[in-house]
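Taking it in order: structure first as structure tokens, then the write-up.
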Amino acid sequence: MPKLAIYPGSFDPVTNGHVDIIVRGLKIFDQIIICILNNPAKNALFTVDERMEMLSSCLNGIKNVEMATYDGLLVDYAVQRKAQAILRGMRAVSDFEYEFQMALMNRRLNRDIQTVFLMTGLRWIFTSSSIIKEAARFGGNINGMVPKIVQQKLKEKFSTVNL
Ligand code: PNS
């Protein structure tokens, strides 16, 4: 049976750290479904369609990935897609508590789905969609932290938001 993982997240927007996890995840899994889900704790800057569009152009040429959105519980989607695992990136210690809680809650909801963590590459350890958005909002240089298309979209978004 092919090894299938769901890589869930807000991806608001996708960063180079996310892309790194996907590329490395493909060394373990046969296929990865990148799923944009709703995080009730966050107010999104980009619409789901915009996030999908950015993800697809960043992953253009990478085989064995699929993009999806789901409105509901992550484990339900994993069952629906017959995925064996949830893939998450882990950065510094600050991520640990949240990731630990989420992994254990998902495990409580469905014991058949395993959460697999990959340590974020050292280059991306301090980056997050939130900190990148904050820098971009005030015109900071985010070169090399996000794919070019995302950099452009952030520029466009903030030029209208800050009018
Ligand atoms: O990129 P994020 O915001 O850290 O991703 C969090 C996300 C979207 C994966 C998480 O909020 C999620 O799984 N949302 C869907 C609802 C759910 O299943 N929550 C976890 C168990 S309560």
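Identifiers in this document derive from the order of the structure tokens: chains are assigned A, B, ..., residues are numbered from 1 separately in each chain, and ligands are numbered from 1 in order of occurrence.
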Long-range neighbours of region 102-115 of chain A as a list in words, 6 Å cut-off, only C-alpha atoms, 4 positions minimum in chain: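 These residues fall inside the cut-off: Gln84, Ala85, Ile86 and Leu87 of chain A.
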Show me which residues are within 8 Å of ligand 1 counting only C-alpha atoms and all ligand atoms, and format the list as a PDB file with all heavy atoms, in the first residue's frame.
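Contents of the output file part-v2.pdb:
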ATOM      1  N   PRO A   8      -1.005  19.204   6.742  1.00  0.00           N
ATOM      2  CA  PRO A   8      -2.043  20.212   6.943  1.00  0.00           C
ATOM      3  C   PRO A   8      -1.468  21.545   7.409  1.00  0.00           C
ATOM      4  O   PRO A   8      -0.387  21.595   7.998  1.00  0.00           O
ATOM      5  CB  PRO A   8      -2.861  19.600   8.084  1.00  0.00           C
ATOM      6  CG  PRO A   8      -1.831  18.913   8.919  1.00  0.00           C
ATOM      7  CD  PRO A   8      -0.730  18.464   7.989  1.00  0.00           C
ATOM      8  N   GLY A   9      -2.194  22.599   7.170  1.00  0.00           N
ATOM      9  CA  GLY A   9      -1.761  23.891   7.694  1.00  0.00           C
ATOM     10  C   GLY A   9      -2.646  24.995   7.187  1.00  0.00           C
ATOM     11  O   GLY A   9      -3.576  24.775   6.406  1.00  0.00           O
ATOM     12  N   SER A  10      -2.345  26.212   7.675  1.00  0.00           N
ATOM     13  CA  SER A  10      -3.074  27.386   7.197  1.00  0.00           C
ATOM     14  C   SER A  10      -2.454  27.873   5.879  1.00  0.00           C
ATOM     15  O   SER A  10      -3.153  28.444   5.040  1.00  0.00           O
ATOM     16  CB  SER A  10      -2.993  28.527   8.210  1.00  0.00           C
ATOM     17  OG  SER A  10      -3.346  28.098   9.483  1.00  0.00           O
ATOM     18  N   PHE A  11      -1.146  27.750   5.778  1.00  0.00           N
ATOM     19  CA  PHE A  11      -0.419  28.175   4.563  1.00  0.00           C
ATOM     20  C   PHE A  11      -0.832  29.589   4.143  1.00  0.00           C
ATOM     21  O   PHE A  11      -1.181  29.829   2.999  1.00  0.00           O
ATOM     22  CB  PHE A  11      -0.630  27.181   3.408  1.00  0.00           C
ATOM     23  CG  PHE A  11      -0.205  25.784   3.747  1.00  0.00           C
ATOM     24  CD1 PHE A  11      -1.132  24.788   3.993  1.00  0.00           C
ATOM     25  CD2 PHE A  11       1.146  25.465   3.851  1.00  0.00           C
ATOM     26  CE1 PHE A  11      -0.737  23.498   4.337  1.00  0.00           C
ATOM     27  CE2 PHE A  11       1.558  24.170   4.197  1.00  0.00           C
ATOM     28  CZ  PHE A  11       0.607  23.190   4.431  1.00  0.00           C
ATOM     29  N   ASP A  12      -0.764  30.479   5.110  1.00  0.00           N
ATOM     30  CA  ASP A  12      -1.238  31.856   4.861  1.00  0.00           C
ATOM     31  C   ASP A  12      -0.101  32.857   4.986  1.00  0.00           C
ATOM     32  O   ASP A  12      -0.086  33.631   5.949  1.00  0.00           O
ATOM     33  CB  ASP A  12      -2.361  32.167   5.862  1.00  0.00           C
ATOM     34  CG  ASP A  12      -2.960  33.536   5.636  1.00  0.00           C
ATOM     35  OD1 ASP A  12      -3.230  33.863   4.473  1.00  0.00           O
ATOM     36  OD2 ASP A  12      -3.144  34.301   6.613  1.00  0.00           O
ATOM     37  N   ILE A  36      -5.155  22.648   3.022  1.00  0.00           N
ATOM     38  CA  ILE A  36      -5.406  23.923   3.696  1.00  0.00           C
ATOM     39  C   ILE A  36      -6.646  23.745   4.568  1.00  0.00           C
ATOM     40  O   ILE A  36      -7.720  23.403   4.069  1.00  0.00           O
ATOM     41  CB  ILE A  36      -5.652  25.066   2.682  1.00  0.00           C
ATOM     42  CG1 ILE A  36      -4.446  25.203   1.745  1.00  0.00           C
ATOM     43  CG2 ILE A  36      -5.944  26.380   3.401  1.00  0.00           C
ATOM     44  CD1 ILE A  36      -4.642  26.227   0.638  1.00  0.00           C
ATOM     45  N   LEU A  37      -6.442  23.947   5.861  1.00  0.00           N
ATOM     46  CA  LEU A  37      -7.544  23.793   6.808  1.00  0.00           C
ATOM     47  C   LEU A  37      -7.752  25.095   7.551  1.00  0.00           C
ATOM     48  O   LEU A  37      -6.886  25.968   7.563  1.00  0.00           O
ATOM     49  CB  LEU A  37      -7.209  22.695   7.821  1.00  0.00           C
ATOM     50  CG  LEU A  37      -7.354  21.276   7.303  1.00  0.00           C
ATOM     51  CD1 LEU A  37      -6.175  20.463   7.706  1.00  0.00           C
ATOM     52  CD2 LEU A  37      -8.626  20.645   7.829  1.00  0.00           C
ATOM     53  N   ASN A  38      -8.868  25.147   8.212  1.00  0.00           N
ATOM     54  CA  ASN A  38      -9.180  26.336   8.973  1.00  0.00           C
ATOM     55  C   ASN A  38      -8.569  26.229  10.372  1.00  0.00           C
ATOM     56  O   ASN A  38      -8.810  25.265  11.076  1.00  0.00           O
ATOM     57  CB  ASN A  38     -10.713  26.432   9.034  1.00  0.00           C
ATOM     58  CG  ASN A  38     -11.160  27.685   9.721  1.00  0.00           C
ATOM     59  OD1 ASN A  38     -10.466  28.699   9.688  1.00  0.00           O
ATOM     60  ND2 ASN A  38     -12.296  27.620  10.368  1.00  0.00           N
ATOM     61  N   ASN A  39      -7.766  27.238  10.741  1.00  0.00           N
ATOM     62  CA  ASN A  39      -7.277  27.324  12.112  1.00  0.00           C
ATOM     63  C   ASN A  39      -8.092  28.417  12.788  1.00  0.00           C
ATOM     64  O   ASN A  39      -7.904  29.599  12.523  1.00  0.00           O
ATOM     65  CB  ASN A  39      -5.781  27.666  12.114  1.00  0.00           C
ATOM     66  CG  ASN A  39      -5.225  27.733  13.521  1.00  0.00           C
ATOM     67  OD1 ASN A  39      -5.977  27.866  14.484  1.00  0.00           O
ATOM     68  ND2 ASN A  39      -3.915  27.641  13.640  1.00  0.00           N
ATOM     69  N   PRO A  40      -9.018  28.040  13.673  1.00  0.00           N
ATOM     70  CA  PRO A  40      -9.928  29.024  14.259  1.00  0.00           C
ATOM     71  C   PRO A  40      -9.198  30.112  15.048  1.00  0.00           C
ATOM     72  O   PRO A  40      -9.752  31.182  15.287  1.00  0.00           O
ATOM     73  CB  PRO A  40     -10.822  28.198  15.198  1.00  0.00           C
ATOM     74  CG  PRO A  40     -10.505  26.783  14.949  1.00  0.00           C
ATOM     75  CD  PRO A  40      -9.232  26.688  14.196  1.00  0.00           C
ATOM     76  N   ALA A  41      -7.939  29.843  15.430  1.00  0.00           N
ATOM     77  CA  ALA A  41      -7.186  30.823  16.213  1.00  0.00           C
ATOM     78  C   ALA A  41      -6.564  31.920  15.342  1.00  0.00           C
ATOM     79  O   ALA A  41      -5.994  32.870  15.862  1.00  0.00           O
ATOM     80  CB  ALA A  41      -6.100  30.103  16.994  1.00  0.00           C
ATOM     81  N   LYS A  42      -6.658  31.779  14.032  1.00  0.00           N
ATOM     82  CA  LYS A  42      -5.976  32.744  13.158  1.00  0.00           C
ATOM     83  C   LYS A  42      -6.937  33.442  12.209  1.00  0.00           C
ATOM     84  O   LYS A  42      -7.877  32.817  11.714  1.00  0.00           O
ATOM     85  CB  LYS A  42      -4.913  32.016  12.308  1.00  0.00           C
ATOM     86  CG  LYS A  42      -3.748  31.494  13.113  1.00  0.00           C
ATOM     87  CD  LYS A  42      -2.735  30.836  12.183  1.00  0.00           C
ATOM     88  CE  LYS A  42      -1.560  30.257  12.948  1.00  0.00           C
ATOM     89  NZ  LYS A  42      -0.736  29.386  12.084  1.00  0.00           N
ATOM     90  N   ASP A  71     -12.914  21.542   5.223  1.00  0.00           N
ATOM     91  CA  ASP A  71     -13.538  22.329   6.271  1.00  0.00           C
ATOM     92  C   ASP A  71     -14.048  21.336   7.313  1.00  0.00           C
ATOM     93  O   ASP A  71     -15.129  20.779   7.155  1.00  0.00           O
ATOM     94  CB  ASP A  71     -14.693  23.146   5.659  1.00  0.00           C
ATOM     95  CG  ASP A  71     -15.157  24.236   6.605  1.00  0.00           C
ATOM     96  OD1 ASP A  71     -14.461  24.486   7.599  1.00  0.00           O
ATOM     97  OD2 ASP A  71     -16.226  24.813   6.346  1.00  0.00           O
ATOM     98  N   GLY A  72     -13.246  21.052   8.310  1.00  0.00           N
ATOM     99  CA  GLY A  72     -13.656  20.076   9.322  1.00  0.00           C
ATOM    100  C   GLY A  72     -12.448  19.549  10.046  1.00  0.00           C
ATOM    101  O   GLY A  72     -11.377  20.165  10.018  1.00  0.00           O
ATOM    102  N   LEU A  73     -12.618  18.407  10.666  1.00  0.00           N
ATOM    103  CA  LEU A  73     -11.525  17.814  11.441  1.00  0.00           C
ATOM    104  C   LEU A  73     -10.493  17.171  10.523  1.00  0.00           C
ATOM    105  O   LEU A  73     -10.831  16.399   9.620  1.00  0.00           O
ATOM    106  CB  LEU A  73     -12.071  16.735  12.371  1.00  0.00           C
ATOM    107  CG  LEU A  73     -12.598  17.142  13.743  1.00  0.00           C
ATOM    108  CD1 LEU A  73     -13.017  15.900  14.508  1.00  0.00           C
ATOM    109  CD2 LEU A  73     -11.577  17.931  14.543  1.00  0.00           C
ATOM    110  N   LEU A  74      -9.252  17.448  10.855  1.00  0.00           N
ATOM    111  CA  LEU A  74      -8.144  16.907  10.071  1.00  0.00           C
ATOM    112  C   LEU A  74      -8.162  15.374  10.017  1.00  0.00           C
ATOM    113  O   LEU A  74      -7.968  14.778   8.954  1.00  0.00           O
ATOM    114  CB  LEU A  74      -6.837  17.431  10.691  1.00  0.00           C
ATOM    115  CG  LEU A  74      -5.536  16.847  10.222  1.00  0.00           C
ATOM    116  CD1 LEU A  74      -5.357  17.036   8.724  1.00  0.00           C
ATOM    117  CD2 LEU A  74      -4.379  17.489  10.980  1.00  0.00           C
ATOM    118  N   VAL A  75      -8.413  14.734  11.164  1.00  0.00           N
ATOM    119  CA  VAL A  75      -8.384  13.266  11.166  1.00  0.00           C
ATOM    120  C   VAL A  75      -9.499  12.677  10.290  1.00  0.00           C
ATOM    121  O   VAL A  75      -9.326  11.614   9.702  1.00  0.00           O
ATOM    122  CB  VAL A  75      -8.445  12.658  12.601  1.00  0.00           C
ATOM    123  CG1 VAL A  75      -7.139  12.840  13.329  1.00  0.00           C
ATOM    124  CG2 VAL A  75      -9.617  13.198  13.394  1.00  0.00           C
ATOM    125  N   ASP A  76     -10.618  13.384  10.202  1.00  0.00           N
ATOM    126  CA  ASP A  76     -11.711  12.901   9.337  1.00  0.00           C
ATOM    127  C   ASP A  76     -11.270  12.928   7.875  1.00  0.00           C
ATOM    128  O   ASP A  76     -11.555  12.033   7.094  1.00  0.00           O
ATOM    129  CB  ASP A  76     -12.975  13.757   9.511  1.00  0.00           C
ATOM    130  CG  ASP A  76     -13.624  13.539  10.864  1.00  0.00           C
ATOM    131  OD1 ASP A  76     -13.261  12.552  11.529  1.00  0.00           O
ATOM    132  OD2 ASP A  76     -14.483  14.354  11.256  1.00  0.00           O
ATOM    133  N   MET A 102      -1.795  19.226  19.737  1.00  0.00           N
ATOM    134  CA  MET A 102      -2.543  18.899  18.524  1.00  0.00           C
ATOM    135  C   MET A 102      -2.351  17.405  18.162  1.00  0.00           C
ATOM    136  O   MET A 102      -3.321  16.714  17.836  1.00  0.00           O
ATOM    137  CB  MET A 102      -2.082  19.798  17.373  1.00  0.00           C
ATOM    138  CG  MET A 102      -3.133  19.942  16.315  1.00  0.00           C
ATOM    139  SD  MET A 102      -2.945  21.445  15.371  1.00  0.00           S
ATOM    140  CE  MET A 102      -1.338  21.271  14.697  1.00  0.00           C
ATOM    141  N   ALA A 103      -1.110  16.941  18.262  1.00  0.00           N
ATOM    142  CA  ALA A 103      -0.834  15.536  17.917  1.00  0.00           C
ATOM    143  C   ALA A 103      -1.587  14.601  18.861  1.00  0.00           C
ATOM    144  O   ALA A 103      -2.163  13.597  18.422  1.00  0.00           O
ATOM    145  CB  ALA A 103       0.669  15.272  17.982  1.00  0.00           C
ATOM    146  N   MET A 105      -4.318  15.300  20.628  1.00  0.00           N
ATOM    147  CA  MET A 105      -5.766  15.403  20.391  1.00  0.00           C
ATOM    148  C   MET A 105      -6.132  14.608  19.139  1.00  0.00           C
ATOM    149  O   MET A 105      -7.101  13.831  19.151  1.00  0.00           O
ATOM    150  CB  MET A 105      -6.178  16.874  20.227  1.00  0.00           C
ATOM    151  CG  MET A 105      -7.646  17.068  19.941  1.00  0.00           C
ATOM    152  SD  MET A 105      -8.728  16.226  21.126  1.00  0.00           S
ATOM    153  CE  MET A 105      -9.258  17.584  22.114  1.00  0.00           C
ATOM    154  N   ASN A 106      -5.338  14.743  18.105  1.00  0.00           N
ATOM    155  CA  ASN A 106      -5.617  13.978  16.880  1.00  0.00           C
ATOM    156  C   ASN A 106      -5.519  12.476  17.150  1.00  0.00           C
ATOM    157  O   ASN A 106      -6.314  11.693  16.630  1.00  0.00           O
ATOM    158  CB  ASN A 106      -4.653  14.395  15.758  1.00  0.00           C
ATOM    159  CG  ASN A 106      -5.048  15.733  15.160  1.00  0.00           C
ATOM    160  OD1 ASN A 106      -6.231  16.101  15.167  1.00  0.00           O
ATOM    161  ND2 ASN A 106      -4.086  16.487  14.664  1.00  0.00           N
ATOM    162  N   LEU A 109      -8.572  11.375  18.866  1.00  0.00           N
ATOM    163  CA  LEU A 109      -9.707  11.323  17.940  1.00  0.00           C
ATOM    164  C   LEU A 109      -9.624  10.112  17.007  1.00  0.00           C
ATOM    165  O   LEU A 109     -10.640   9.569  16.589  1.00  0.00           O
ATOM    166  CB  LEU A 109      -9.777  12.617  17.106  1.00  0.00           C
ATOM    167  CG  LEU A 109     -10.105  13.888  17.895  1.00  0.00           C
ATOM    168  CD1 LEU A 109      -9.876  15.121  17.025  1.00  0.00           C
ATOM    169  CD2 LEU A 109     -11.532  13.859  18.424  1.00  0.00           C
TER     170      LEU A 109
END
Work out how far apart CA of Tyr7 (chain A) and CA of Cys35 (chain A) are and give it in Å to one decimal.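 Distance between the two atoms: 6.0 Å.
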For CA of Gly17 (chain A) and CA of Ala78 (chain A), determine how far apart the two atoms are, in Å to one decimal place. 22.7 Å
Quick one: of A:Met1, A:Ala83, A:Ala136, A:Ile125, who's nearest to Phe158 (chain A), counting only C-alpha atoms? A:Ala136
Tell me, in Å to one decimal, how far CA of Tyr70 (chain A) is from CA of Phe117 (chain A).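 Computing it gives 21.1 Å between the two atoms.
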When distances are computed from only C-alpha atoms, which of A:Asn64, A:Asn16, A:Ser57, A:Ser129 shows the smallest separation from Ile32 (chain A)?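 Going through A:Asn64, A:Asn16, A:Ser57, A:Ser129 one by one, the smallest distance to Ile32 (chain A) is for A:Asn64.
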Which of chain A counts as strand (DSSP E or B) under DSSP, as a ChimeraX atom specification please? /A:4-9,31-37,65-70,85-90,114-119
Among the residues of chain A, find those DSSP assigns to alpha helix (DSSP H) from the backbone and print them as a PyMOL selection string. chain A and resi 16-25+48-58+74-80+93-109+129-137+148-161
Could you check the closest approach to Arg88 (chain A) for each of A:Met52, A:Ile21, A:Leu26, A:Leu4 and tell me which residue wins, using only C-alpha atoms? A:Ile21
Of the candidates A:Val79, A:Val146, A:Val14, A:Met119, which one gets nearest to Glu50 (chain A) if we count only C-alpha atoms?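 That would be A:Val14, the residue with the smallest distance to Glu50 (chain A).
Of the residues listed (A:Tyr77, A:Thr120, A:Pro147, A:Leu154), A:Leu154 shows the shortest atom-to-atom separation from Ala135 (chain A); distances use only C-alpha atoms.
Of the listed residues (A:Asn143, A:Ser94, A:Thr15, A:Gln151), A:Thr15 comes nearest to Leu55 (chain A); the distances count only C-alpha atoms.
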Exercise: Leu59 (chain A) partners within 10 Å, only C-alpha atoms, chain neighbours under 3 positions left out, as a list of chain:residue names: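 The filter keeps A:Val19, A:Ile22, A:Val23, A:Met54, A:Leu55, A:Ser56, A:Ile62, A:Lys63, A:Val65, A:Glu66, A:Met67, A:Pro147.
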